[in-house]
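Everything below concerns the one structure shown next.
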Amino acid sequence: MDSRIKFRHLQTFIEVARQKSVGRAADVLAITQPAVTRTIRELEEALGVDLFEKEGRGIRISRFGEVFLRHAGESVAAVQRGVDSISLARKSLGPPLRIGALPTASATFLPEAVHAFLMAETGSPVTIVSGENRGLLDALRLGDLDLVVGRLAAPERMTGLHFEPLYSEEVCFVVRADHPLTARPHFSLTELAQYTVLIPPAGAVIRPLVDRFLLTNGIADLPQTIETVSDSFARAFLDRFDAVWIISRGVASPDIAAGRLARLDVDTSETRGAVGLTTRADRESSLALSIMITTIRDHVRSAVDRF
């Protein structure tokens, strides 16, 4: 769009075209006739065409004006819809926002992003739902969720959905800070068989990555495992017992930084995968959802840098 064309140019042009009179348009707009005439001339100079023609003692819109009127009307209507949306949001009439969150998002950037969203006073209440990736994506597809925040799912699970990557992370092996394995500079992964190992369940998005990693390193089976998506249970279990937790790095990072957990020296770079935002491909984002997505983008970089 030509930077010389302002919203007031469109409003004035539309009103003159509607009234077929500069004087009547000036009355409606509550400005002087010279101001209307000047605004129309500025618009015509920017476009390089005459938008109105003399007709007797009055004026009529030109053929160029007819073409421009359609687009100008659409533009002003779009702006008005935006203004109305903001007005509704400020009156606490925004639609509810339902977010499915995987642990890696819940433990890192999502709390701060949701807090910042609430401070924006959109008027939309927020619901956070946790669970396995499969169930969250099904709920998104059915319209029970507006957004899923977490890892990119397998291609067959992404039909009808759109994924926006934010960053990538890998899984890691974590234990209690004073776990026996932390006292040793080197150990073999086969020693995992001596401990209870907490792993993601079959429906978790990172489970195939974990299985492939273990098989690649010659571990076909672990004698004692607990499948869980509950990070609160995993933290409590590790606090009481000499267990090993295989989980996305972001989930454990706050505990590692606080010294409650320790990351074992295991190269898991082959498990690296994208973390981001999943939405329905066939649904236009509401104002609240658009603001939430923008807020999450703004908070991701600083949070990711911390872990």
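Each chain in the structure tokens gets a letter, A, B, ..., in the order shown, and its residues are numbered from 1; ligands are numbered from 1 in order too.
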Could you list, with a cut-off of 10 Å and counting only C-alpha atoms, the residues of region 225-248 of chain A near region 124-142 of chain A, each shown with its nearest atom pair and the distance in Å rounded to one decimal, rows sorted by chain and ascending number, as a tab-separated table?
```
residue	atom	partner	partner_atom	distance
A:Thr228	CA	A:Glu132	CA	9.6
A:Val229	CA	A:Glu132	CA	6.9
A:Ser230	CA	A:Gly131	CA	8.6
```
Dump as a Markdown table the rows for residues of region 95-116 of chain A within 10 Å of region 241-257 of chain A: closest atom pair and distance in Å with one decimal, only C-alpha atoms counted, ordered by chain and rising residue number.
```
| residue | atom | partner | partner_atom | distance |
| --- | --- | --- | --- | --- |
| A:Leu102 | CA | A:Val251 | CA | 9.2 |
| A:Pro103 | CA | A:Val251 | CA | 5.8 |
| A:Thr104 | CA | A:Val251 | CA | 4.5 |
| A:Ala105 | CA | A:Gly250 | CA | 7.3 |
| A:Ser106 | CA | A:Val251 | CA | 7.6 |
| A:Ala107 | CA | A:Val251 | CA | 5.2 |
| A:Thr108 | CA | A:Gly250 | CA | 6.3 |
| A:Phe109 | CA | A:Gly250 | CA | 9.3 |
```
Could you save those same residues with N, CA and C atoms as a short mmCIF file (atom, residue, chain, number, x, y, z; two decimals), in the first residue's frame?
```
data_model
loop_
_atom_site.label_atom_id
_atom_site.label_comp_id
_atom_site.auth_asym_id
_atom_site.auth_seq_id
_atom_site.Cartn_x
_atom_site.Cartn_y
_atom_site.Cartn_z
N LEU A 102 1.93 -30.23 26.37
CA LEU A 102 2.79 -31.34 26.74
C LEU A 102 3.77 -30.86 27.81
N PRO A 103 4.32 -31.78 28.60
CA PRO A 103 5.17 -31.39 29.73
C PRO A 103 6.33 -30.47 29.36
N THR A 104 6.94 -30.68 28.19
CA THR A 104 8.10 -29.86 27.83
C THR A 104 7.75 -28.39 27.71
N ALA A 105 6.50 -28.08 27.33
CA ALA A 105 6.06 -26.68 27.27
C ALA A 105 5.63 -26.19 28.65
N SER A 106 4.92 -27.04 29.38
CA SER A 106 4.42 -26.64 30.70
C SER A 106 5.53 -26.29 31.67
N ALA A 107 6.69 -26.95 31.52
CA ALA A 107 7.78 -26.73 32.46
C ALA A 107 8.70 -25.58 32.08
N THR A 108 8.52 -25.03 30.88
CA THR A 108 9.46 -24.01 30.43
C THR A 108 8.77 -22.69 30.14
N PHE A 109 8.37 -22.46 28.89
CA PHE A 109 7.94 -21.13 28.49
C PHE A 109 6.45 -20.87 28.68
#
```
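The spacing separating CA of Thr268 (chain A) from CA of Leu166 (chain A) amounts to 19.9 Å.
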**Report entry** Counting only C-alpha atoms, the option among A:Val171, A:Ala220, A:Ala234, A:Leu209 closest to Ala193 (chain A)
**Finding:** A:Ala220
Query - Which residue of A:Val16, A:Val22, A:Leu97, A:Ile59 approaches Ser286 (chain A) most closely, using only C-alpha atoms - result: A:Leu97
Requested in this report: From a DSSP calculation on the backbone, collect every residue of region 162-245 of chain A in alpha helix (DSSP H) and output the set as a PyMOL selection string.
Outcome: chain A and resi 207-216+231-240
